[in-house]
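Containing compact mmCIF, C-alpha atoms and all ligand atoms: start-v5.txt.
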```
# COMPACT_ATOMS: atom_id res chain seq x y z
CA MET A 1 -6.17 57.50 161.37
CA PRO A 2 -8.02 60.34 163.20
CA ALA A 3 -5.70 63.12 164.31
CA ALA A 4 -7.06 65.31 167.07
CA VAL A 5 -6.75 69.04 166.57
CA SER A 6 -6.39 71.44 169.54
CA PRO A 7 -8.88 70.40 172.28
CA GLU A 8 -9.45 73.97 173.56
CA ARG A 9 -10.88 75.37 170.32
CA PRO A 10 -14.72 75.15 170.06
CA ARG A 11 -15.79 72.30 167.83
CA SER A 12 -16.77 73.27 164.29
CA GLY A 13 -18.43 69.98 163.37
CA ILE A 14 -16.13 69.89 160.35
CA THR A 15 -14.16 66.86 159.19
CA ARG A 16 -11.55 66.88 156.46
CA LEU A 17 -10.96 63.60 154.66
CA THR A 18 -7.54 63.50 153.07
CA GLY A 19 -5.38 60.94 151.23
CA CYS A 20 -8.42 59.79 149.31
CA ARG A 21 -9.66 59.36 145.75
CA LEU A 22 -13.12 60.83 145.20
CA VAL A 23 -15.64 59.36 142.75
CA LYS A 24 -16.45 62.40 140.61
CA GLY A 25 -18.00 61.95 137.18
CA ASN A 26 -16.35 59.02 135.48
CA THR A 27 -13.02 59.47 137.21
CA LEU A 28 -11.30 59.15 140.56
CA VAL A 29 -9.98 62.52 141.69
CA GLU A 30 -7.25 62.89 144.31
CA GLU A 31 -8.75 65.61 146.43
CA ASP A 32 -9.64 66.34 150.06
CA LEU A 33 -13.29 66.30 151.09
CA TRP A 34 -14.69 68.64 153.76
CA LEU A 35 -17.87 67.63 155.60
CA SER A 36 -20.05 69.31 158.17
CA SER A 37 -21.96 67.29 160.76
CA VAL A 38 -23.84 70.52 161.62
CA THR A 39 -25.42 71.03 158.19
CA GLY A 40 -24.97 67.38 157.15
CA ARG A 41 -23.53 68.58 153.85
CA ILE A 42 -20.33 68.58 151.85
CA LEU A 43 -18.51 71.89 152.18
CA ARG A 44 -16.67 74.12 149.77
CA SER A 45 -13.21 73.73 151.27
CA GLN A 46 -11.87 77.16 150.30
CA GLU A 47 -14.92 78.95 151.68
CA VAL A 48 -14.66 77.15 155.01
CA PHE A 49 -11.01 77.83 155.42
CA TYR A 50 -10.63 81.36 154.11
CA GLU A 51 -14.03 82.98 154.57
CA HIS A 52 -15.30 81.42 157.79
CA GLN A 53 -11.81 80.70 159.16
CA ALA A 54 -13.15 77.42 160.47
CA ALA A 55 -10.76 74.55 161.01
CA PRO A 56 -11.75 70.89 161.04
CA ASP A 57 -12.26 69.06 164.34
CA GLU A 58 -10.65 66.08 162.70
CA VAL A 59 -8.42 65.35 159.72
CA ILE A 60 -8.67 61.74 158.63
CA ASP A 61 -6.08 60.24 156.29
CA LEU A 62 -7.75 57.46 154.30
CA GLY A 63 -4.48 56.06 152.95
CA GLY A 64 -5.43 56.27 149.28
CA ARG A 65 -8.85 54.64 149.61
CA ILE A 66 -11.87 55.55 147.49
CA VAL A 67 -14.65 57.83 148.70
CA SER A 68 -17.97 57.28 146.94
CA PRO A 69 -21.37 58.85 147.49
CA GLY A 70 -23.64 56.59 149.58
CA PHE A 71 -25.55 53.93 147.64
CA ILE A 72 -29.24 54.38 146.71
CA ASP A 73 -31.57 51.42 146.01
CA VAL A 74 -34.83 52.28 144.25
CA GLN A 75 -36.21 48.71 144.26
CA PHE A 76 -36.03 47.37 147.77
CA ASN A 77 -38.81 45.32 149.35
CA GLY A 78 -37.25 44.69 152.73
CA ALA A 79 -34.43 42.85 154.51
CA PHE A 80 -33.45 41.25 157.83
CA GLY A 81 -37.01 39.93 158.21
CA PHE A 82 -38.70 43.33 157.73
CA ASP A 83 -41.17 43.47 154.84
CA PHE A 84 -42.50 46.85 153.64
CA SER A 85 -45.54 45.04 152.22
CA GLN A 86 -46.57 43.70 155.62
CA ALA A 87 -49.41 45.39 157.50
CA PRO A 88 -48.19 47.13 160.65
CA GLN A 89 -49.36 45.23 163.75
CA ASP A 90 -49.17 48.29 165.98
CA PRO A 91 -47.58 51.69 165.36
CA VAL A 92 -45.00 51.48 168.14
CA SER A 93 -43.49 48.12 167.20
CA HIS A 94 -43.70 48.92 163.47
CA ARG A 95 -41.73 52.14 163.93
CA LYS A 96 -39.24 50.29 166.11
CA GLY A 97 -38.83 47.59 163.46
CA LEU A 98 -38.25 50.20 160.76
CA LYS A 99 -35.71 52.00 162.90
CA GLU A 100 -33.78 48.80 163.56
CA LEU A 101 -33.86 47.95 159.86
CA ASN A 102 -32.49 51.38 158.89
CA LYS A 103 -29.62 50.98 161.35
CA ARG A 104 -28.69 47.57 159.93
CA LEU A 105 -29.02 48.75 156.32
CA ILE A 106 -26.55 51.55 156.74
CA GLY A 107 -23.85 48.97 157.52
CA THR A 108 -24.35 47.52 154.03
CA GLY A 109 -23.49 50.88 152.41
CA LEU A 110 -27.11 51.75 151.67
CA THR A 111 -27.61 55.36 152.77
CA SER A 112 -31.01 55.90 151.11
CA TYR A 113 -33.66 53.86 149.34
CA LEU A 114 -37.23 53.63 148.15
CA PRO A 115 -39.14 51.17 150.36
CA THR A 116 -40.98 49.11 147.77
CA ILE A 117 -44.44 47.56 148.22
CA THR A 118 -45.47 44.71 145.94
CA SER A 119 -49.09 44.47 144.68
CA GLN A 120 -51.52 44.48 147.60
CA LYS A 121 -55.15 45.11 148.49
CA PRO A 122 -56.01 48.80 149.07
CA GLU A 123 -56.26 48.26 152.86
CA LEU A 124 -52.59 47.36 152.98
CA TYR A 125 -51.49 50.55 151.20
CA HIS A 126 -53.69 52.55 153.54
CA SER A 127 -52.06 51.04 156.62
CA ALA A 128 -48.43 50.72 155.40
CA LEU A 129 -47.82 53.84 153.28
CA PRO A 130 -48.06 56.32 156.21
CA TYR A 131 -44.78 54.83 157.54
CA LEU A 132 -42.83 54.81 154.28
CA GLY A 133 -42.60 58.45 153.20
CA PRO A 134 -39.37 60.46 153.09
CA SER A 135 -37.69 60.06 156.50
CA GLY A 136 -34.63 62.30 156.38
CA ALA A 137 -36.18 65.65 157.38
CA ALA A 138 -34.55 65.60 160.83
CA ARG A 139 -31.13 65.01 159.17
CA ASP A 140 -30.26 62.73 162.06
CA ALA A 141 -27.34 60.41 161.25
CA ASP A 142 -28.40 58.08 164.07
CA GLU A 143 -31.57 57.20 162.16
CA GLY A 144 -29.48 55.10 159.74
CA ALA A 145 -30.54 54.60 156.13
CA GLU A 146 -33.14 57.06 154.86
CA SER A 147 -36.36 56.55 152.93
CA LEU A 148 -36.67 58.89 149.93
CA GLY A 149 -40.34 57.94 149.59
CA ALA A 150 -42.18 54.75 148.78
CA HIS A 151 -42.14 52.82 145.53
CA VAL A 152 -45.51 51.21 144.83
CA GLU A 153 -44.85 48.32 142.45
CA GLY A 154 -48.41 47.49 141.46
CA PRO A 155 -51.23 46.65 141.67
CA PHE A 156 -51.90 48.10 138.16
CA LEU A 157 -49.83 45.37 136.47
CA SER A 158 -50.34 42.94 133.64
CA PRO A 159 -51.94 39.74 135.00
CA THR A 160 -49.72 37.71 132.64
CA LYS A 161 -46.49 39.36 133.83
CA ASN A 162 -47.26 39.29 137.56
CA GLY A 163 -44.07 37.49 138.63
CA ILE A 164 -44.67 36.70 142.31
CA HIS A 165 -47.36 39.38 142.72
CA SER A 166 -50.72 37.79 143.64
CA PRO A 167 -52.98 37.85 140.55
CA GLU A 168 -56.09 38.31 142.79
CA VAL A 169 -55.05 41.79 143.93
CA LEU A 170 -54.13 43.20 140.50
CA GLN A 171 -56.29 46.08 139.24
CA SER A 172 -56.90 48.08 136.12
CA ALA A 173 -57.43 51.86 136.34
CA THR A 174 -59.79 53.96 134.26
CA SER A 175 -58.80 57.30 135.81
CA PHE A 176 -56.41 58.79 138.37
CA ALA A 177 -59.23 58.56 140.93
CA ASP A 178 -58.74 54.77 140.92
CA LEU A 179 -55.13 55.31 142.04
CA GLU A 180 -56.28 57.70 144.78
CA THR A 181 -58.80 55.12 146.00
CA CYS A 182 -56.24 52.34 145.90
CA TYR A 183 -53.36 54.05 147.73
CA GLY A 184 -55.39 56.66 149.65
CA ALA A 185 -55.29 60.25 148.36
CA HIS A 186 -53.63 61.44 151.60
CA ASN A 187 -50.81 58.92 151.08
CA LEU A 188 -49.79 60.24 147.63
CA PRO A 189 -47.10 62.63 149.05
CA ASN A 190 -45.39 59.56 150.54
CA ILE A 191 -45.12 57.91 147.12
CA LYS A 192 -42.02 58.70 145.07
CA LYS A 193 -42.38 56.13 142.32
CA LEU A 194 -45.09 53.99 140.76
CA THR A 195 -44.51 50.88 138.65
CA ALA A 196 -47.42 50.03 136.37
CA ALA A 197 -48.16 48.37 133.03
CA PRO A 198 -49.04 51.20 130.61
CA GLU A 199 -51.23 48.94 128.45
CA VAL A 200 -53.53 47.92 131.34
CA GLY A 201 -56.78 49.94 131.52
CA ASN A 202 -56.27 53.62 130.72
CA MET A 203 -52.88 53.82 132.40
CA THR A 204 -51.03 55.52 129.54
CA SER A 205 -53.48 58.44 129.59
CA ILE A 206 -53.21 58.62 133.41
CA ILE A 207 -49.39 59.00 133.38
CA PRO A 208 -49.41 62.84 133.06
CA GLU A 209 -51.59 63.05 136.20
CA VAL A 210 -49.16 60.75 138.05
CA VAL A 211 -46.25 63.00 137.03
CA LYS A 212 -48.21 66.10 138.13
CA HIS A 213 -48.35 64.58 141.63
CA ASN A 214 -44.51 64.40 141.68
CA ILE A 215 -44.59 60.64 141.35
CA ILE A 216 -42.14 58.99 138.93
CA PHE A 217 -43.83 56.63 136.53
CA SER A 218 -41.91 53.44 135.78
CA ILE A 219 -42.95 50.89 133.14
CA GLY A 220 -42.95 47.35 134.52
CA HIS A 221 -44.65 43.96 134.86
CA THR A 222 -45.98 44.57 131.40
CA GLU A 223 -46.93 43.05 128.06
CA ALA A 224 -46.29 46.44 126.37
CA THR A 225 -45.11 46.42 122.79
CA TYR A 226 -42.42 48.79 121.59
CA GLU A 227 -45.15 51.18 120.40
CA GLU A 228 -47.04 51.04 123.72
CA ALA A 229 -43.84 51.57 125.70
CA SER A 230 -42.90 54.52 123.43
CA ALA A 231 -46.35 56.06 124.03
CA ALA A 232 -45.84 55.70 127.80
CA VAL A 233 -42.50 57.52 127.56
CA ALA A 234 -44.12 60.26 125.46
CA SER A 235 -46.74 60.59 128.25
CA GLY A 236 -44.06 61.05 130.93
CA ALA A 237 -42.75 57.60 131.95
CA LYS A 238 -39.22 58.15 133.24
CA MET A 239 -38.05 54.67 134.08
CA ILE A 240 -38.30 50.96 133.31
CA THR A 241 -38.61 48.65 136.32
CA HIS A 242 -36.17 45.69 136.38
CA LEU A 243 -35.53 45.70 132.63
CA PHE A 244 -36.01 42.28 130.96
CA ASN A 245 -37.70 40.72 134.02
CA ALA A 246 -41.53 40.51 133.86
CA MET A 247 -41.80 41.90 130.31
CA LYS A 248 -41.72 40.63 126.73
CA PRO A 249 -38.21 39.69 125.62
CA LEU A 250 -36.52 41.50 122.72
CA HIS A 251 -37.93 40.21 119.43
CA HIS A 252 -36.31 41.25 116.17
CA ARG A 253 -39.65 42.39 114.74
CA ASN A 254 -40.95 43.87 117.99
CA PRO A 255 -38.18 45.03 120.31
CA GLY A 256 -40.67 45.53 123.18
CA VAL A 257 -39.88 47.72 126.18
CA PHE A 258 -36.14 47.17 125.73
CA GLY A 259 -36.46 48.75 122.28
CA ILE A 260 -37.03 52.21 123.69
CA LEU A 261 -33.41 52.27 124.83
CA GLY A 262 -32.47 52.07 121.16
CA HIS A 263 -34.24 55.33 120.46
CA PRO A 264 -31.82 57.92 121.85
CA SER A 265 -33.56 61.13 122.80
CA THR A 266 -33.57 63.43 125.79
CA HIS A 267 -36.42 61.32 127.13
CA THR A 268 -34.71 57.93 126.94
CA PRO A 269 -35.85 56.40 130.23
CA PHE A 270 -33.71 55.25 133.12
CA PHE A 271 -33.85 51.52 133.71
CA GLY A 272 -33.38 49.24 136.71
CA VAL A 273 -31.23 46.13 136.37
CA ILE A 274 -31.03 43.35 138.96
CA ALA A 275 -27.35 42.44 138.73
CA ASP A 276 -27.47 39.65 141.32
CA GLY A 277 -26.27 36.98 138.87
CA ILE A 278 -29.65 35.20 139.04
CA HIS A 279 -32.27 37.48 137.45
CA LEU A 280 -30.18 38.26 134.35
CA HIS A 281 -27.27 36.80 132.41
CA PRO A 282 -24.14 38.97 132.74
CA THR A 283 -24.08 39.55 128.98
CA THR A 284 -27.68 40.80 129.07
CA VAL A 285 -26.62 43.39 131.64
CA LYS A 286 -23.70 44.44 129.41
CA ILE A 287 -25.99 44.85 126.40
CA ALA A 288 -28.40 47.03 128.36
CA TYR A 289 -25.54 49.14 129.71
CA ALA A 290 -24.07 49.58 126.23
CA ALA A 291 -27.46 50.70 124.93
CA HIS A 292 -27.80 53.55 127.44
CA PRO A 293 -24.99 53.80 130.03
CA GLU A 294 -26.30 57.03 131.59
CA GLY A 295 -29.66 55.38 132.27
CA MET A 296 -28.61 52.21 134.06
CA ILE A 297 -29.55 51.91 137.73
CA LEU A 298 -28.47 48.81 139.61
CA VAL A 299 -31.17 47.57 141.99
CA THR A 300 -31.36 44.60 144.35
CA ASP A 301 -35.12 43.88 144.35
CA ALA A 302 -34.16 42.51 147.77
CA MET A 303 -36.96 41.20 149.95
CA SER A 304 -37.33 40.57 153.65
CA LEU A 305 -35.34 37.31 153.56
CA ALA A 306 -32.19 39.20 152.55
CA GLY A 307 -29.76 38.94 155.42
CA LEU A 308 -31.53 35.88 156.96
CA PRO A 309 -30.25 32.26 157.02
CA ASP A 310 -31.17 29.74 154.28
CA GLY A 311 -34.49 27.89 154.69
CA THR A 312 -38.17 27.81 153.71
CA TYR A 313 -40.21 30.84 154.71
CA ASN A 314 -43.93 31.75 154.56
CA TRP A 315 -44.73 34.43 151.98
CA THR A 316 -47.46 37.06 152.41
CA ASN A 317 -49.60 35.60 149.60
CA GLY A 318 -49.89 32.26 151.43
CA GLU A 319 -47.16 30.51 149.41
CA SER A 320 -43.67 29.59 150.60
CA ILE A 321 -40.29 30.83 149.45
CA VAL A 322 -37.12 28.77 149.53
CA LYS A 323 -33.91 30.69 150.23
CA LYS A 324 -30.70 28.99 149.20
CA GLY A 325 -27.70 31.29 149.12
CA SER A 326 -28.68 34.26 146.99
CA ASN A 327 -31.38 32.16 145.25
CA LEU A 328 -35.02 32.75 146.17
CA THR A 329 -37.68 30.59 144.50
CA LEU A 330 -41.38 29.94 145.08
CA ASP A 331 -41.57 26.56 146.83
CA GLY A 332 -42.08 23.71 144.36
CA THR A 333 -41.26 25.89 141.32
CA ASP A 334 -38.24 27.50 139.71
CA LYS A 335 -39.98 30.91 139.68
CA ILE A 336 -37.62 33.61 140.98
CA ALA A 337 -39.13 35.15 144.11
CA GLY A 338 -37.18 38.40 144.42
CA GLY A 339 -33.59 38.98 145.33
CA CYS A 340 -31.44 38.90 148.42
CA ALA A 341 -28.14 40.37 147.21
CA THR A 342 -26.84 43.66 148.57
CA LEU A 343 -26.34 46.66 146.32
CA LEU A 344 -22.59 46.27 146.89
CA ASP A 345 -22.83 42.68 145.52
CA CYS A 346 -24.54 44.08 142.41
CA VAL A 347 -21.85 46.73 141.93
CA ASN A 348 -19.12 44.11 142.30
CA ASN A 349 -20.86 41.78 139.84
CA PHE A 350 -21.17 44.56 137.30
CA LEU A 351 -17.50 45.49 137.74
CA ASN A 352 -16.49 41.93 136.93
CA TRP A 353 -18.94 41.42 134.06
CA SER A 354 -18.17 44.64 132.22
CA ASN A 355 -15.21 46.80 131.34
CA ALA A 356 -16.70 49.57 133.45
CA SER A 357 -14.34 51.43 135.76
CA ILE A 358 -15.10 51.78 139.47
CA PRO A 359 -16.58 55.30 139.02
CA GLU A 360 -18.74 54.05 136.13
CA ALA A 361 -20.08 51.14 138.20
CA VAL A 362 -20.65 53.35 141.25
CA ARG A 363 -22.60 55.87 139.14
CA ALA A 364 -25.31 53.25 138.65
CA VAL A 365 -26.11 53.27 142.38
CA THR A 366 -25.40 56.94 143.16
CA ILE A 367 -25.71 59.83 140.71
CA THR A 368 -27.90 57.97 138.19
CA PRO A 369 -30.66 57.03 140.67
CA ALA A 370 -30.37 60.53 142.18
CA LYS A 371 -30.98 62.06 138.74
CA MET A 372 -33.92 59.75 138.13
CA LEU A 373 -35.42 60.82 141.47
CA GLY A 374 -34.88 64.52 140.73
CA LEU A 375 -32.34 64.70 143.59
CA GLU A 376 -29.29 65.69 141.57
CA GLY A 377 -26.97 67.80 143.72
CA VAL A 378 -28.66 66.54 146.91
CA LYS A 379 -27.97 62.80 146.93
CA GLY A 380 -25.54 60.57 145.07
CA SER A 381 -22.86 63.22 144.70
CA LEU A 382 -19.67 64.47 146.36
CA GLU A 383 -20.08 68.00 145.04
CA ALA A 384 -20.30 70.91 147.50
CA ASP A 385 -23.72 71.34 149.17
CA ALA A 386 -24.79 67.76 148.52
CA ASP A 387 -25.78 65.70 151.56
CA ALA A 388 -22.64 64.22 153.11
CA ASP A 389 -23.78 60.59 152.72
CA LEU A 390 -20.69 58.70 151.67
CA LEU A 391 -18.72 55.48 151.73
CA VAL A 392 -15.04 54.76 152.16
CA LEU A 393 -14.26 51.81 149.91
CA SER A 394 -11.22 49.57 149.64
CA GLU A 395 -10.41 47.31 146.69
CA GLU A 396 -9.57 43.63 146.75
CA VAL A 397 -8.54 41.37 143.87
CA ASP A 398 -8.39 37.58 144.04
CA ALA A 399 -9.09 34.54 141.84
CA GLU A 400 -12.82 35.36 141.80
CA GLY A 401 -12.20 38.87 140.50
CA LYS A 402 -12.18 42.38 141.83
CA ARG A 403 -14.26 43.50 144.74
CA LEU A 404 -15.05 46.70 146.58
CA LEU A 405 -15.48 46.56 150.35
CA VAL A 406 -17.34 49.12 152.43
CA ASP A 407 -14.88 50.21 155.14
CA GLN A 408 -16.81 53.21 156.46
CA VAL A 409 -20.25 54.72 156.07
CA TRP A 410 -20.92 58.40 156.71
CA LYS A 411 -24.42 59.83 156.98
CA PHE A 412 -25.14 63.57 157.13
CA GLY A 413 -21.44 64.26 157.74
CA ARG A 414 -21.00 61.76 160.58
CA LEU A 415 -19.20 58.43 160.66
CA VAL A 416 -21.95 55.91 161.48
CA HIS A 417 -20.42 52.56 160.56
CA GLU A 418 -16.94 51.09 160.40
CA ARG A 419 -16.09 47.58 159.15
CA SER A 420 -14.69 45.50 161.99
ZN ZN B 501 -41.13 43.25 140.14
```
Could you show the structure in this file as structure tokens?
Amino acid sequence: MPAAVSPERPRSGITRLTGCRLVKGNTLVEEDLWLSSVTGRILRSQEVFYEHQAAPDEVIDLGGRIVSPGFIDVQFNGAFGFDFSQAPQDPVSHRKGLKELNKRLIGTGLTSYLPTITSQKPELYHSALPYLGPSGAARDADEGAESLGAHVEGPFLSPTKNGIHSPEVLQSATSFADLETCYGAHNLPNIKKLTAAPEVGNMTSIIPEVVKHNIIFSIGHTEATYEEASAAVASGAKMITHLFNAMKPLHHRNPGVFGILGHPSTHTPFFGVIADGIHLHPTTVKIAYAAHPEGMILVTDAMSLAGLPDGTYNWTNGESIVKKGSNLTLDGTDKIAGGCATLLDCVNNFLNWSNASIPEAVRAVTITPAKMLGLEGVKGSLEADADADLLVLSEEVDAEGKRLLVDQVWKFGRLVHERS
């Protein structure tokens, strides 16, 4: 309940959240949280109070609820009818569409994400990537969810592990120049992450150049053996894209890409897991988590049909996709055509499938993706000086299991969404 402090005093832009349990590390800590809507960051409470003698404009008692960092999705193709892989018709309506999407996304608890483009012809990257770079520079809470840079999933993928990516647009690179030609050299600063098959063309030897351009290399849609995947990691690959999906399964004589999680080292890669209950069996998710808990990142792989009613929809490659509940399949087949769960659904699934605590489950969508993105201390954290992107969560338990609900969403220190 907001409690107004003296109306005469000039506003400090500071809010103190009290009566809350903060997700910090692997525990819930009973502690107040001080936020500034001026800097958009989490404050050091003692400094504010004693050094700057600033008092909060508002003290909000959360009645024992959980405060978590805002959720981050690093594999997110679109939602509510907006598709990041679609060519912009005109700049004005495209920007408007993106803006509307970001405002709707924030209500789902997603405070930042990597807009993900599936394999496309070069022209598409050239027209779409200029809109998908990091969008939070203005630190404006009214902008909604924030892009942390684009994720280009393809087109340098294995033609036999294409999933729903059109085989006609897949490419094989001989040098980094092929990547520059494909995406447009001027668009590279907008790209945060690249998914590619290391065994296709000369990709493994190109990885160091990708890393030099501050782009995270993620192994995916691949026929790589354990040895090929290990070589990619040695060359700088930092992540595995949707582990188990679109790659060789674990074989006892060749453990494939999954095998590199069994080789603990400081370079053990992070890995995405689609915990929507459709892409992977719950036990498979538990096995992956047990292999490398600090590396697991829950992702939705959600596409533009997420948030829309059930039905048959036209897909960009000319085929049709059938949406039935959280099931998306290519029309006439049982081929999975992306996901439409929310990240909160994935967290709740993981909570029920595993023995993980709430902080452990939340890590997989907050601090772990932030670390993978090199944004530790900026995103995905409730430590002082981090961006004040956070969620107020309540817990529910019924016959179907336990569930977290997003009650409030705060972006850059301001309350931007409240569950009705
Ligand atoms: Zn994929």
(message) So that I can see what lies close to A:Gly25, please list as a PyMOL selection string the residues with an atom at most 10 Å from it, counting all atoms listed in the file and leaving out residues fewer than 3 positions away in the same chain.
(response) chain A and resi 22+28-29+359-360+362-363+367+381-382
Restrict the calculation to only C-alpha atoms and all ligand atoms, then for each residue of chain A with any atom at most 7 Å from an atom of ligand ZN 501 (chain B) give the closest atom pair and their distance in Å to one decimal, rows by chain and rising residue number, as JSON lines.
```
{"residue": "A:Glu153", "atom": "CA", "partner": "B:ZN501", "partner_atom": "ZN", "distance": 6.7}
{"residue": "A:Gly163", "atom": "CA", "partner": "B:ZN501", "partner_atom": "ZN", "distance": 6.6}
{"residue": "A:His221", "atom": "CA", "partner": "B:ZN501", "partner_atom": "ZN", "distance": 6.4}
{"residue": "A:His242", "atom": "CA", "partner": "B:ZN501", "partner_atom": "ZN", "distance": 6.7}
{"residue": "A:Ala246", "atom": "CA", "partner": "B:ZN501", "partner_atom": "ZN", "distance": 6.9}
```
(message) Would you compute the distance between atom CA of A:Val38 and atom CA of A:Leu98? Give it in Å to one decimal.
(response)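 Atom CA of A:Leu98 lies at a distance of 24.9 Å from atom CA of A:Val38.
The smallest atom-to-atom distance between A:Cys346 and any of A:Gln86, A:Thr368, A:Thr300, A:Thr195, using all atoms listed in the file, is found for A:Thr300.
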(message) My list of candidates is A:Ser394, A:Asn26, A:Ala177, A:Ser36. Which is closest to A:Ile14 when distances are computed with only C-alpha atoms?
(response) A:Ser36
(request) Kindly indicate which residue among A:Ile219, A:Val273, A:Ala232, A:Leu415 lies nearest to A:Phe244, using all atoms listed in the file for the distances. (result)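 Of A:Ile219, A:Val273, A:Ala232, A:Leu415, the one nearest A:Phe244 is A:Val273, counting all atoms listed in the file.
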(request) Can you pull out every residue within 9 Å of A:Asp140, counting all atoms listed in the file, but drop anything in the same chain fewer than 4 positions away, and send it as an MDAnalysis selection string? (result) chainID A and resid 40 136 144 411:412
(request) Provide the atom CA of A:Val347 to atom CA of A:Ile164 distance in Å, to one decimal place. (result)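 Answer for the atom CA of A:Val347 to atom CA of A:Ile164 separation: 24.9 Å.
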(request) Measuring atom to atom with only C-alpha atoms, identify which of A:Ser12, A:Thr108, A:Thr160, A:Gln408 is nearest to A:Ala341. (result)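 Checking each of A:Ser12, A:Thr108, A:Thr160, A:Gln408 against A:Ala341, counting only C-alpha atoms, the winner is A:Thr108.
Taking atom CA of A:Ala197 as the reference point, atom CA of A:Tyr183 is found at 16.6 Å.
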(request) Would you mind telling me which residue in A:Ser147, A:Ser320, A:Asn355, A:Asn349 lies nearest to A:Gly401 when using all atoms listed in the file? (result)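 Between A:Ser147, A:Ser320, A:Asn355, A:Asn349, the residue approaching A:Gly401 most closely is A:Asn349.
The closest residue to A:His267, picked from A:Ala231, A:Ala55, A:Leu243, A:Ala302 and counting all atoms listed in the file, is A:Ala231.
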(message) Would you pick out the contacts of A:Ser45 at 9 Å or less, using all atoms listed in the file, so that residues sharing its chain but fewer than 6 positions from it are not included, and give the list as number ranges by chain?
(response) A: 16, 32-35, 384
